[in-house]
Structure formats: structure tokens, C-alpha cells
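The file protein38.pdb contains PDB, C-alpha atoms:
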ATOM      1  CA  MET A 421    -160.278 125.736 124.617
ATOM      2  CA  THR A 422    -163.385 127.157 123.001
ATOM      3  CA  GLY A 423    -165.405 125.317 120.416
ATOM      4  CA  PHE A 424    -164.186 121.805 121.184
ATOM      5  CA  GLU A 425    -166.822 119.130 121.014
ATOM      6  CA  LEU A 426    -166.087 115.423 121.199
ATOM      7  CA  ASP A 427    -166.998 113.615 117.977
ATOM      8  CA  SER A 428    -170.369 111.884 118.389
ATOM      9  CA  ARG A 429    -169.040 108.436 117.430
ATOM     10  CA  LEU A 430    -166.183 108.685 119.933
ATOM     11  CA  ALA A 431    -168.679 109.863 122.536
ATOM     12  CA  ALA A 432    -170.922 106.867 121.829
ATOM     13  CA  ASP A 433    -168.122 104.273 121.889
ATOM     14  CA  THR A 434    -166.172 105.435 124.953
ATOM     15  CA  HIS A 435    -166.387 106.548 128.586
ATOM     16  CA  LEU A 436    -164.568 109.552 130.052
ATOM     17  CA  VAL A 437    -161.835 108.559 132.476
ATOM     18  CA  ALA A 438    -159.950 111.825 133.017
ATOM     19  CA  ARG A 439    -159.361 115.329 131.721
ATOM     20  CA  TRP A 440    -155.665 115.949 131.257
ATOM     21  CA  GLY A 441    -154.011 119.259 130.409
ATOM     22  CA  LEU A 442    -154.565 118.950 126.684
ATOM     23  CA  SER A 443    -156.623 115.814 126.149
ATOM     24  CA  GLU A 444    -159.687 113.927 127.229
ATOM     25  CA  VAL A 445    -158.741 110.404 128.335
ATOM     26  CA  LEU A 446    -161.372 107.926 127.183
ATOM     27  CA  LEU A 447    -161.879 104.204 127.722
ATOM     28  CA  MET A 448    -163.113 102.349 124.647
ATOM     29  CA  ASP A 449    -166.166 100.284 125.599
ATOM     30  CA  ASP A 450    -164.699  97.014 124.340
ATOM     31  CA  ALA A 451    -163.861  94.509 127.044
ATOM     32  CA  ARG A 452    -161.758  92.424 124.593
ATOM     33  CA  PHE A 453    -158.895  94.909 124.735
ATOM     34  CA  PRO A 454    -157.689  97.414 127.359
ATOM     35  CA  TRP A 455    -158.003 100.357 124.993
ATOM     36  CA  LEU A 456    -157.711 104.032 125.812
ATOM     37  CA  ILE A 457    -158.008 107.065 123.570
ATOM     38  CA  LEU A 458    -156.648 110.582 123.934
ATOM     39  CA  VAL A 459    -158.522 113.419 122.259
ATOM     40  CA  PRO A 460    -156.843 116.821 122.419
ATOM     41  CA  ARG A 461    -159.401 119.538 123.156
ATOM     42  CA  VAL A 462    -158.467 121.497 120.039
ATOM     43  CA  PRO A 463    -161.300 122.075 117.581
ATOM     44  CA  GLY A 464    -160.978 121.307 113.891
ATOM     45  CA  VAL A 465    -157.721 119.339 113.913
ATOM     46  CA  THR A 466    -157.330 116.102 111.967
ATOM     47  CA  GLU A 467    -153.577 115.489 111.743
ATOM     48  CA  TRP A 468    -151.073 115.613 114.622
ATOM     49  CA  PHE A 469    -148.836 117.917 112.553
ATOM     50  CA  ASP A 470    -151.685 120.440 112.310
ATOM     51  CA  LEU A 471    -151.469 121.122 116.052
ATOM     52  CA  GLY A 472    -149.445 124.082 117.275
ATOM     53  CA  GLU A 473    -145.841 123.323 118.175
ATOM     54  CA  GLY A 474    -146.416 123.290 121.930
ATOM     55  CA  GLU A 475    -149.524 121.165 121.610
ATOM     56  CA  ARG A 476    -147.650 118.593 119.504
ATOM     57  CA  GLY A 477    -145.164 117.962 122.282
ATOM     58  CA  THR A 478    -147.852 117.978 124.952
ATOM     59  CA  LEU A 479    -149.844 115.369 123.058
ATOM     60  CA  LEU A 480    -146.702 113.223 122.805
ATOM     61  CA  ASN A 481    -146.074 113.541 126.536
ATOM     62  CA  GLU A 482    -149.658 112.598 127.328
ATOM     63  CA  THR A 483    -149.509 109.694 124.852
ATOM     64  CA  LEU A 484    -146.288 108.291 126.311
ATOM     65  CA  LEU A 485    -147.417 108.732 129.910
ATOM     66  CA  LEU A 486    -150.670 106.986 129.109
ATOM     67  CA  GLY A 487    -148.788 104.208 127.307
ATOM     68  CA  LYS A 488    -146.481 103.609 130.230
ATOM     69  CA  ALA A 489    -149.363 103.706 132.710
ATOM     70  CA  VAL A 490    -151.481 101.345 130.611
ATOM     71  CA  GLN A 491    -148.551  98.951 130.230
ATOM     72  CA  ALA A 492    -148.131  98.780 134.005
ATOM     73  CA  PHE A 493    -151.823  98.858 134.874
ATOM     74  CA  PHE A 494    -152.853  96.070 132.504
ATOM     75  CA  ASN A 495    -149.521  94.217 132.536
ATOM     76  CA  ALA A 496    -149.384  94.526 128.742
ATOM     77  CA  GLU A 497    -146.898  92.659 126.581
ATOM     78  CA  LYS A 498    -146.936  95.444 123.986
ATOM     79  CA  ILE A 499    -148.444  98.881 123.646
ATOM     80  CA  ASN A 500    -149.990  99.835 120.301
ATOM     81  CA  THR A 501    -150.075 103.566 119.697
ATOM     82  CA  ALA A 502    -151.780 105.033 116.652
ATOM     83  CA  ALA A 503    -153.384 108.114 115.169
ATOM     84  CA  LEU A 504    -155.477 106.830 112.264
ATOM     85  CA  GLY A 505    -158.664 108.814 111.716
ATOM     86  CA  ASN A 506    -160.035 106.937 108.711
ATOM     87  CA  VAL A 507    -163.456 106.634 110.325
ATOM     88  CA  VAL A 508    -163.491 109.524 112.828
ATOM     89  CA  SER A 509    -161.499 112.450 111.475
ATOM     90  CA  GLN A 510    -161.269 114.352 114.788
ATOM     91  CA  LEU A 511    -157.649 113.913 115.927
ATOM     92  CA  HIS A 512    -157.420 111.124 118.487
ATOM     93  CA  VAL A 513    -154.659 108.775 119.599
ATOM     94  CA  HIS A 514    -155.247 105.126 120.434
ATOM     95  CA  VAL A 515    -153.242 103.517 123.241
ATOM     96  CA  VAL A 516    -154.000  99.802 123.394
ATOM     97  CA  ALA A 517    -152.599  97.108 125.680
ATOM     98  CA  ARG A 518    -151.842  94.005 123.642
ATOM     99  CA  TYR A 519    -151.121  90.373 124.535
ATOM    100  CA  SER A 520    -150.018  87.478 122.368
ATOM    101  CA  SER A 521    -153.152  85.737 123.693
ATOM    102  CA  ASP A 522    -155.645  88.462 122.749
ATOM    103  CA  HIS A 523    -158.462  88.208 120.186
ATOM    104  CA  ALA A 524    -156.670  89.939 117.351
ATOM    105  CA  TRP A 525    -152.939  89.302 117.917
ATOM    106  CA  PRO A 526    -150.749  89.982 116.010
ATOM    107  CA  ALA A 527    -153.228  91.890 113.826
ATOM    108  CA  PRO A 528    -154.301  95.364 114.900
ATOM    109  CA  VAL A 529    -157.465  95.884 116.940
ATOM    110  CA  TRP A 530    -159.125  98.270 114.503
ATOM    111  CA  GLY A 531    -161.675  96.502 112.358
ATOM    112  CA  SER A 532    -161.159  93.233 114.230
ATOM    113  CA  GLY A 533    -164.554  91.676 114.865
ATOM    114  CA  THR A 534    -167.235  93.341 116.969
ATOM    115  CA  ALA A 535    -166.781  95.273 120.191
ATOM    116  CA  GLU A 536    -167.915  93.509 123.360
ATOM    117  CA  PRO A 537    -169.116  96.192 125.766
ATOM    118  CA  TYR A 538    -168.104  95.903 129.424
ATOM    119  CA  ASP A 539    -170.774  94.767 131.831
ATOM    120  CA  THR A 540    -171.748  97.474 134.306
ATOM    121  CA  GLY A 541    -169.724  96.108 137.205
ATOM    122  CA  SER A 542    -166.460  95.679 135.330
ATOM    123  CA  LEU A 543    -166.867  99.014 133.541
ATOM    124  CA  THR A 544    -167.274 100.841 136.849
ATOM    125  CA  SER A 545    -164.405  99.032 138.534
ATOM    126  CA  THR A 546    -162.061  99.545 135.555
ATOM    127  CA  ILE A 547    -162.806 103.272 135.379
ATOM    128  CA  ASP A 548    -162.536 103.686 139.153
ATOM    129  CA  ARG A 549    -159.161 101.943 139.224
ATOM    130  CA  LEU A 550    -157.888 103.929 136.244
ATOM    131  CA  ARG A 551    -158.932 107.195 137.928
ATOM    132  CA  LEU A 552    -157.014 106.211 141.040
ATOM    133  CA  GLU A 553    -153.870 105.028 139.310
ATOM    134  CA  LEU A 554    -153.420 107.207 136.240
ATOM    135  CA  PRO A 555    -151.198 110.231 136.776
ATOM    136  CA  GLN A 556    -152.956 113.587 137.188
ATOM    137  CA  LEU A 557    -151.847 115.902 134.376
TER     138      LEU A 557
ATOM    139  CA  MET P1199    -125.157 105.094 117.739
ATOM    140  CA  THR P1200    -123.311 101.868 118.423
ATOM    141  CA  GLY P1201    -124.911  98.481 118.241
ATOM    142  CA  PHE P1202    -127.912  99.405 116.132
ATOM    143  CA  GLU P1203    -128.901  96.859 113.539
ATOM    144  CA  LEU P1204    -132.079  97.023 111.499
ATOM    145  CA  ASP P1205    -134.420  94.125 112.236
ATOM    146  CA  SER P1206    -134.087  91.482 109.520
ATOM    147  CA  ARG P1207    -137.791  91.471 108.663
ATOM    148  CA  LEU P1208    -137.873  95.254 108.291
ATOM    149  CA  ALA P1209    -134.724  95.018 106.171
ATOM    150  CA  ALA P1210    -136.356  92.404 103.929
ATOM    151  CA  ASP P1211    -139.654  94.293 103.495
ATOM    152  CA  THR P1212    -138.340  97.824 102.905
ATOM    153  CA  HIS P1213    -135.855  99.989 101.004
ATOM    154  CA  LEU P1214    -133.711 102.702 102.553
ATOM    155  CA  VAL P1215    -134.732 106.186 101.440
ATOM    156  CA  ALA P1216    -132.806 108.452 103.807
ATOM    157  CA  ARG P1217    -130.855 108.620 107.044
ATOM    158  CA  TRP P1218    -132.239 111.343 109.267
ATOM    159  CA  GLY P1219    -130.755 112.602 112.510
ATOM    160  CA  LEU P1220    -132.276 109.876 114.648
ATOM    161  CA  SER P1221    -134.012 107.490 112.278
ATOM    162  CA  GLU P1222    -133.661 105.461 109.133
ATOM    163  CA  VAL P1223    -136.406 106.396 106.650
ATOM    164  CA  LEU P1224    -137.639 103.276 104.869
ATOM    165  CA  LEU P1225    -140.113 102.682 102.057
ATOM    166  CA  MET P1226    -142.277  99.608 102.523
ATOM    167  CA  ASP P1227    -142.145  97.486  99.375
ATOM    168  CA  ASP P1228    -145.903  97.434  98.871
ATOM    169  CA  ALA P1229    -147.151  99.369  95.866
ATOM    170  CA  ARG P1230    -150.756  99.266  97.167
ATOM    171  CA  PHE P1231    -150.047 101.935  99.764
ATOM    172  CA  PRO P1232    -147.542 104.815  99.958
ATOM    173  CA  TRP P1233    -146.056 103.566 103.215
ATOM    174  CA  LEU P1234    -142.944 104.791 104.987
ATOM    175  CA  ILE P1235    -141.357 103.649 108.214
ATOM    176  CA  LEU P1236    -139.051 105.412 110.640
ATOM    177  CA  VAL P1237    -136.661 103.329 112.706
ATOM    178  CA  PRO P1238    -134.682 105.224 115.348
ATOM    179  CA  ARG P1239    -131.072 104.027 115.401
ATOM    180  CA  VAL P1240    -131.240 103.170 119.094
ATOM    181  CA  PRO P1241    -130.517  99.559 119.938
ATOM    182  CA  GLY P1242    -132.809  97.485 122.126
ATOM    183  CA  VAL P1243    -135.827  99.793 122.296
ATOM    184  CA  THR P1244    -139.366  98.478 121.848
ATOM    185  CA  GLU P1245    -141.650 101.211 123.198
ATOM    186  CA  TRP P1246    -141.508 104.933 122.342
ATOM    187  CA  PHE P1247    -141.551 105.772 126.063
ATOM    188  CA  ASP P1248    -138.373 103.736 126.556
ATOM    189  CA  LEU P1249    -136.381 106.238 124.498
ATOM    190  CA  GLY P1250    -134.455 108.981 126.265
ATOM    191  CA  GLU P1251    -136.330 112.255 126.699
ATOM    192  CA  GLY P1252    -134.538 114.065 123.869
ATOM    193  CA  GLU P1253    -134.932 111.114 121.508
ATOM    194  CA  ARG P1254    -138.681 110.974 122.202
ATOM    195  CA  GLY P1255    -139.162 114.517 120.953
ATOM    196  CA  THR P1256    -136.814 113.999 118.015
ATOM    197  CA  LEU P1257    -138.750 110.918 116.930
ATOM    198  CA  LEU P1258    -141.975 112.937 117.124
ATOM    199  CA  ASN P1259    -140.460 115.723 115.017
ATOM    200  CA  GLU P1260    -139.246 113.238 112.422
ATOM    201  CA  THR P1261    -142.633 111.465 112.438
ATOM    202  CA  LEU P1262    -144.601 114.683 111.934
ATOM    203  CA  LEU P1263    -142.238 116.022 109.267
ATOM    204  CA  LEU P1264    -142.462 112.731 107.425
ATOM    205  CA  GLY P1265    -146.251 112.731 107.759
ATOM    206  CA  LYS P1266    -146.567 116.236 106.368
ATOM    207  CA  ALA P1267    -144.149 115.463 103.530
ATOM    208  CA  VAL P1268    -145.921 112.203 102.668
ATOM    209  CA  GLN P1269    -149.299 113.954 102.724
ATOM    210  CA  ALA P1270    -148.062 116.527 100.212
ATOM    211  CA  PHE P1271    -145.958 114.149  98.127
ATOM    212  CA  PHE P1272    -148.661 111.527  97.648
ATOM    213  CA  ASN P1273    -151.625 113.904  97.891
ATOM    214  CA  ALA P1274    -153.021 111.793 100.718
ATOM    215  CA  GLU P1275    -156.515 112.184 102.123
ATOM    216  CA  LYS P1276    -155.379 110.981 105.545
ATOM    217  CA  ILE P1277    -152.123 110.071 107.212
ATOM    218  CA  ASN P1278    -152.062 106.983 109.429
ATOM    219  CA  THR P1279    -149.331 107.083 112.052
ATOM    220  CA  ALA P1280    -148.659 104.117 114.306
ATOM    221  CA  ALA P1281    -146.125 102.389 116.511
ATOM    222  CA  LEU P1282    -147.394  98.822 116.866
ATOM    223  CA  GLY P1283    -144.604  96.259 117.100
ATOM    224  CA  ASN P1284    -146.711  93.120 117.465
ATOM    225  CA  VAL P1285    -144.713  91.345 114.759
ATOM    226  CA  VAL P1286    -141.389  93.220 114.770
ATOM    227  CA  SER P1287    -140.544  94.398 118.264
ATOM    228  CA  GLN P1288    -137.775  96.826 117.243
ATOM    229  CA  LEU P1289    -139.300 100.296 117.701
ATOM    230  CA  HIS P1290    -140.540 101.631 114.366
ATOM    231  CA  VAL P1291    -143.181 104.139 113.347
ATOM    232  CA  HIS P1292    -145.437 103.655 110.338
ATOM    233  CA  VAL P1293    -146.456 106.698 108.282
ATOM    234  CA  VAL P1294    -148.970 105.675 105.638
ATOM    235  CA  ALA P1295    -150.793 107.771 103.038
ATOM    236  CA  ARG P1296    -154.427 106.719 102.878
ATOM    237  CA  TYR P1297    -157.240 107.319 100.402
ATOM    238  CA  SER P1298    -160.934 106.495 100.602
ATOM    239  CA  SER P1299    -160.324 104.567  97.344
ATOM    240  CA  ASP P1300    -157.428 102.413  98.607
ATOM    241  CA  HIS P1301    -157.415  98.624  99.020
ATOM    242  CA  ALA P1302    -158.038  98.576 102.754
ATOM    243  CA  TRP P1303    -160.009 101.753 103.535
ATOM    244  CA  PRO P1304    -161.254 102.434 106.148
ATOM    245  CA  ALA P1305    -159.527  99.443 107.761
ATOM    246  CA  PRO P1306    -155.852  99.729 108.671
ATOM    247  CA  VAL P1307    -153.159  98.527 106.260
ATOM    248  CA  TRP P1308    -151.537  96.081 108.683
ATOM    249  CA  GLY P1309    -152.658  92.542 108.021
ATOM    250  CA  SER P1310    -154.694  93.627 105.005
ATOM    251  CA  GLY P1311    -154.097  91.112 102.215
ATOM    252  CA  THR P1312    -150.711  90.509 100.676
ATOM    253  CA  ALA P1313    -148.057  93.060  99.807
ATOM    254  CA  GLU P1314    -147.605  93.829  96.116
ATOM    255  CA  PRO P1315    -143.945  94.693  95.580
ATOM    256  CA  TYR P1316    -143.109  97.645  93.337
ATOM    257  CA  ASP P1317    -141.781  96.829  89.886
ATOM    258  CA  THR P1318    -138.189  97.928  89.430
ATOM    259  CA  GLY P1319    -138.984 101.066  87.472
ATOM    260  CA  SER P1320    -141.581 102.467  89.833
ATOM    261  CA  LEU P1321    -139.516 101.535  92.883
ATOM    262  CA  THR P1322    -136.515 103.445  91.560
ATOM    263  CA  SER P1323    -138.546 106.462  90.511
ATOM    264  CA  THR P1324    -140.444 106.601  93.822
ATOM    265  CA  ILE P1325    -137.244 106.428  95.876
ATOM    266  CA  ASP P1326    -135.479 108.965  93.648
ATOM    267  CA  ARG P1327    -138.361 111.420  93.953
ATOM    268  CA  LEU P1328    -138.605 110.912  97.716
ATOM    269  CA  ARG P1329    -134.871 111.545  98.085
ATOM    270  CA  LEU P1330    -135.220 114.796  96.166
ATOM    271  CA  GLU P1331    -138.305 116.067  97.941
ATOM    272  CA  LEU P1332    -138.068 114.876 101.535
ATOM    273  CA  PRO P1333    -136.486 117.368 103.912
ATOM    274  CA  GLN P1334    -132.875 116.705 104.928
ATOM    275  CA  LEU P1335    -132.725 116.205 108.693
TER     276      LEU P1335
END

Encoded form using C-alpha cells:
Amino acid sequence: MTGFELDSRLAADTHLVARWGLSEVLLMDDARFPWLILVPRVPGVTEWFDLGEGERGTLLNETLLLGKAVQAFFNAEKINTAALGNVVSQLHVHVVARYSSDHAWPAPVWGSGTAEPYDTGSLTSTIDRLRLELPQL
Amino acid sequence: MTGFELDSRLAADTHLVARWGLSEVLLMDDARFPWLILVPRVPGVTEWFDLGEGERGTLLNETLLLGKAVQAFFNAEKINTAALGNVVSQLHVHVVARYSSDHAWPAPVWGSGTAEPYDTGSLTSTIDRLRLELPQL
């Protein structure tokens, strides 16, 4: 796609894990929650329903595949999936592994306290393992 | 579908607006936010990716149609779409109209303060108008 540029706040808060057919797969730099984000490489789109018809379905497929992979990978009790965009308007979909023992449960992760960045070792090992185990799309 | 029963907490917190092809369309009884919920009439499902393949796409279509309708109907600045399920595990999708002037902005609506139920008049008029203006699916 031409003209796509990742929002600067998303770029600052995340690390690139993979490039899928439609979306960038990003890891949120917050060690409190296993938290991934999909950003479709379509410029200027804010709402999911503003995507083209094919892209809508592709984004769903990527979202559900990521959810299922994240559930297995992190042994999650629940997957939270959301397209919010109140802070960053560029369309992006959160896929978060949740546990009844986590910092925010049962509240949502957004706006819950302050992010705790990964240390270098655990960031590298998490990204390396995700790259090995996520499906290639 | 056989065996579907709406979760008792969802039933207590919402009002039925419409029955679409796959999902019940519910209005959350919280006058602070225009807030609708889709519940696919499929028993025993917690995660979107646990639906059958056809149902997954149908739920997306219903979610996006509802989002677009809610955006227009309530003149929303942003639509928040989410499948969380930390409190109620029965699969349900939130579609919430958001405004930079609303009670929770830019934080999410879940867990934000206490619901303010509609008064009888505004509840009836909101549901009547939604029934007239939402698409029939």
C-alpha cells in the first residue's frame, strides 16, 4: 500500500513482530500484559467499517488468528479484542491476553496504571519466540 | 439456534432492540453513553474465534453495520468496538458511541463509574427510534 505510515505514538509504544498480508503485528512494550496490536497498512482509515469489503474480512481473519495464537502462546484465560481509537485515531486492533490474576482484571487494560517496559532480555526473547510461533500470513 | 440463553447479567443490564440474523441487538441501560451490544445466539461460545467460519464473518458484518448505524444515529466522534468478556464470558460485542466530551473520554467505558439508567421516557424513545432506523438483518 502506498502512503501508509505507522502513527508516531504506536511506533513509540510498540515493537514490530511481523508483517502480515494486511497488517503490521506489534508488541506493546508493557510487560504487565501480553498485548499485541494489528495495524492494517491502509492510510487514512479510522473505523473498521471504513475499510474496503475485502480488507474488512482480512482484518477479521488476522485478528482471530492472532487471538487464537496469543491464547495458546501465553496460555491466556481470556482474549480481549478491541478497536478503540480514542487516543490514536489510526485504525488498530488490540489483542490482549488476560488472566484473573493480572494487574487490571476484570477492568480493561487501557488507561490502567502505567506501562512497565520489558527489560532488554525479555523483550528480545518474547519477540523471538513470537516470530517463531506465530503463523506466517 | 437451540440452547441459547442470554446471560443473566446481560439480560439485567440491557434492553432488547432487535433480533438480527445471528445476534440479539441490546441497548445497555446507561444513559451516559450510547452503548449497544451484540450477542450471537450460539450457545457456549466465549471467544470470537470459537465460532464457526460462517458465523465469524456474519458477526463481523453485524458489528460493522451496527457501528456505522450507531455512528450516524448518535452523531458519534468515534466508535469503540470490543469483545472483552472478563466479567460476562458469553461472547458479546460492545459497540459504543464516543465523544471527546463524554464522561470517560479518552478512557474506555468499561469500569468507568456507575451506570446511570435511562428514565422511562428516554428509554422508550431511544429504543423506538433505534427500531425504526437500524437496518433489518

Name the residues that the PyMOL selection byres ((chain A and resi 514) around 9) pulls out of this structure, and write them as JSON, numbers by chain.
{"A": [455, 456, 457, 458, 483, 500, 501, 502, 503, 504, 512, 513, 515, 516]}

Any idea which chain A residues end up within 7 Å of chain P if we count all atoms listed in the file, as a list in words please?
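Residues satisfying the distance criterion: Phe469, Leu484, Lys488, Lys498, Ile499, Asn500, Thr501, Ala502, Ala503, Leu504, Asn506, Val507, Pro526, Ala527, Pro528, Trp530 and Gly531 of chain A.
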
d(CA of Ala1274 (chain P), CA of Arg1207 (chain P)) in Å:
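Taking CA of Ala1274 (chain P) as the start and CA of Arg1207 (chain P) as the end point, the length is 26.6 Å.
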
Nearby residues (only C-alpha atoms) at most 8 Å from region 442-450 of chain A, same-chain spacing under 5 positions excluded, as a count of residues only:
21

Listed atoms of region 534-539 of chain A boxed along x, y and z, 6 Å each side, centre and edge lengths in Å, one decimal, as AutoDock Vina command-line options:
--center_x -168.8 --center_y 94.8 --center_z 124.4 --size_x 16.0 --size_y 14.9 --size_z 26.9

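The coordinates place CA of Ala1229 (chain P) at 8.4 Å from CA of Asp1317 (chain P).
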
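What separates CA of Ala1216 (chain P) from CA of Leu1289 (chain P) is a distance of 17.4 Å.
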
Residues near Phe494 (chain A), cut-off 9 Å, only C-alpha atoms, skip fewer than 3 positions along chain, as a PDB file with C-alpha atoms, in the frame of the given file:
ATOM      1  CA  PRO A 454    -157.689  97.414 127.359  1.00  0.00           C
ATOM      2  CA  ALA A 489    -149.363 103.706 132.710  1.00  0.00           C
ATOM      3  CA  VAL A 490    -151.481 101.345 130.611  1.00  0.00           C
ATOM      4  CA  GLN A 491    -148.551  98.951 130.230  1.00  0.00           C
ATOM      5  CA  ALA A 517    -152.599  97.108 125.680  1.00  0.00           C
TER       6      ALA A 517
END

In the coordinates of the file, take the point (-154.4, 115.3, 134.7) and a cut-off of 7 Å; then, counting all atoms listed in the file, name each qualifying protein, DNA or RNA residue as JSON, numbers by chain.
{"A": [438, 439, 440, 441, 555, 556, 557]}

Kindly reconstruct region 480-490 of chain A with all heavy atoms and present the result as an mmCIF file, keeping the file's coordinate frame.
data_model
loop_
_atom_site.group_PDB
_atom_site.id
_atom_site.type_symbol
_atom_site.label_atom_id
_atom_site.label_comp_id
_atom_site.auth_asym_id
_atom_site.auth_seq_id
_atom_site.Cartn_x
_atom_site.Cartn_y
_atom_site.Cartn_z
ATOM 1 N N LEU A 480 -147.653 114.344 122.687
ATOM 2 C CA LEU A 480 -146.702 113.223 122.805
ATOM 3 C C LEU A 480 -146.503 112.849 124.267
ATOM 4 O O LEU A 480 -146.549 111.669 124.622
ATOM 5 C CB LEU A 480 -145.353 113.570 122.163
ATOM 6 C CG LEU A 480 -144.328 112.431 122.286
ATOM 7 C CD1 LEU A 480 -144.705 111.255 121.397
ATOM 8 C CD2 LEU A 480 -142.914 112.904 121.977
ATOM 9 N N ASN A 481 -146.279 113.854 125.115
ATOM 10 C CA ASN A 481 -146.074 113.541 126.536
ATOM 11 C C ASN A 481 -147.264 112.792 127.113
ATOM 12 O O ASN A 481 -147.092 111.800 127.839
ATOM 13 C CB ASN A 481 -145.856 114.838 127.339
ATOM 14 C CG ASN A 481 -144.512 115.465 127.061
ATOM 15 O OD1 ASN A 481 -143.608 114.812 126.524
ATOM 16 N ND2 ASN A 481 -144.368 116.738 127.398
ATOM 17 N N GLU A 482 -148.464 113.265 126.796
ATOM 18 C CA GLU A 482 -149.658 112.598 127.328
ATOM 19 C C GLU A 482 -149.777 111.184 126.759
ATOM 20 O O GLU A 482 -150.144 110.235 127.476
ATOM 21 C CB GLU A 482 -150.914 113.445 127.038
ATOM 22 C CG GLU A 482 -150.892 114.775 127.807
ATOM 23 C CD GLU A 482 -152.155 115.620 127.655
ATOM 24 O OE1 GLU A 482 -153.009 115.287 126.810
ATOM 25 O OE2 GLU A 482 -152.277 116.623 128.389
ATOM 26 N N THR A 483 -149.432 111.016 125.491
ATOM 27 C CA THR A 483 -149.509 109.694 124.852
ATOM 28 C C THR A 483 -148.530 108.717 125.507
ATOM 29 O O THR A 483 -148.874 107.566 125.792
ATOM 30 C CB THR A 483 -149.201 109.822 123.349
ATOM 31 O OG1 THR A 483 -150.166 110.685 122.748
ATOM 32 C CG2 THR A 483 -149.229 108.468 122.656
ATOM 33 N N LEU A 484 -147.298 109.192 125.753
ATOM 34 C CA LEU A 484 -146.288 108.291 126.311
ATOM 35 C C LEU A 484 -146.573 107.989 127.784
ATOM 36 O O LEU A 484 -146.388 106.849 128.233
ATOM 37 C CB LEU A 484 -144.891 108.880 126.127
ATOM 38 C CG LEU A 484 -144.466 109.116 124.665
ATOM 39 C CD1 LEU A 484 -143.010 109.548 124.596
ATOM 40 C CD2 LEU A 484 -144.717 107.911 123.787
ATOM 41 N N LEU A 485 -147.047 108.993 128.515
ATOM 42 C CA LEU A 485 -147.417 108.732 129.910
ATOM 43 C C LEU A 485 -148.578 107.750 129.995
ATOM 44 O O LEU A 485 -148.575 106.842 130.846
ATOM 45 C CB LEU A 485 -147.803 110.043 130.607
ATOM 46 C CG LEU A 485 -146.630 110.855 131.133
ATOM 47 C CD1 LEU A 485 -147.060 112.281 131.466
ATOM 48 C CD2 LEU A 485 -146.042 110.182 132.380
ATOM 49 N N LEU A 486 -149.544 107.922 129.113
ATOM 50 C CA LEU A 486 -150.670 106.986 129.109
ATOM 51 C C LEU A 486 -150.193 105.588 128.713
ATOM 52 O O LEU A 486 -150.600 104.589 129.328
ATOM 53 C CB LEU A 486 -151.769 107.478 128.161
ATOM 54 C CG LEU A 486 -153.055 106.655 128.166
ATOM 55 C CD1 LEU A 486 -153.704 106.648 129.545
ATOM 56 C CD2 LEU A 486 -154.052 107.173 127.123
ATOM 57 N N GLY A 487 -149.311 105.507 127.725
ATOM 58 C CA GLY A 487 -148.788 104.208 127.307
ATOM 59 C C GLY A 487 -148.079 103.482 128.435
ATOM 60 O O GLY A 487 -148.294 102.291 128.675
ATOM 61 N N LYS A 488 -147.240 104.215 129.133
ATOM 62 C CA LYS A 488 -146.481 103.609 130.230
ATOM 63 C C LYS A 488 -147.420 103.188 131.363
ATOM 64 O O LYS A 488 -147.262 102.110 131.948
ATOM 65 C CB LYS A 488 -145.462 104.646 130.735
ATOM 66 C CG LYS A 488 -144.221 104.056 131.359
ATOM 67 C CD LYS A 488 -143.196 105.151 131.655
ATOM 68 C CE LYS A 488 -142.174 104.656 132.634
ATOM 69 N NZ LYS A 488 -141.023 104.005 132.004
ATOM 70 N N ALA A 489 -148.407 104.037 131.652
ATOM 71 C CA ALA A 489 -149.363 103.706 132.710
ATOM 72 C C ALA A 489 -150.212 102.501 132.324
ATOM 73 O O ALA A 489 -150.458 101.597 133.147
ATOM 74 C CB ALA A 489 -150.259 104.919 133.000
ATOM 75 N N VAL A 490 -150.644 102.450 131.084
ATOM 76 C CA VAL A 490 -151.481 101.345 130.611
ATOM 77 C C VAL A 490 -150.677 100.047 130.607
ATOM 78 O O VAL A 490 -151.177 98.976 130.977
ATOM 79 C CB VAL A 490 -152.039 101.671 129.204
ATOM 80 C CG1 VAL A 490 -152.504 100.425 128.467
ATOM 81 C CG2 VAL A 490 -153.178 102.679 129.320
#
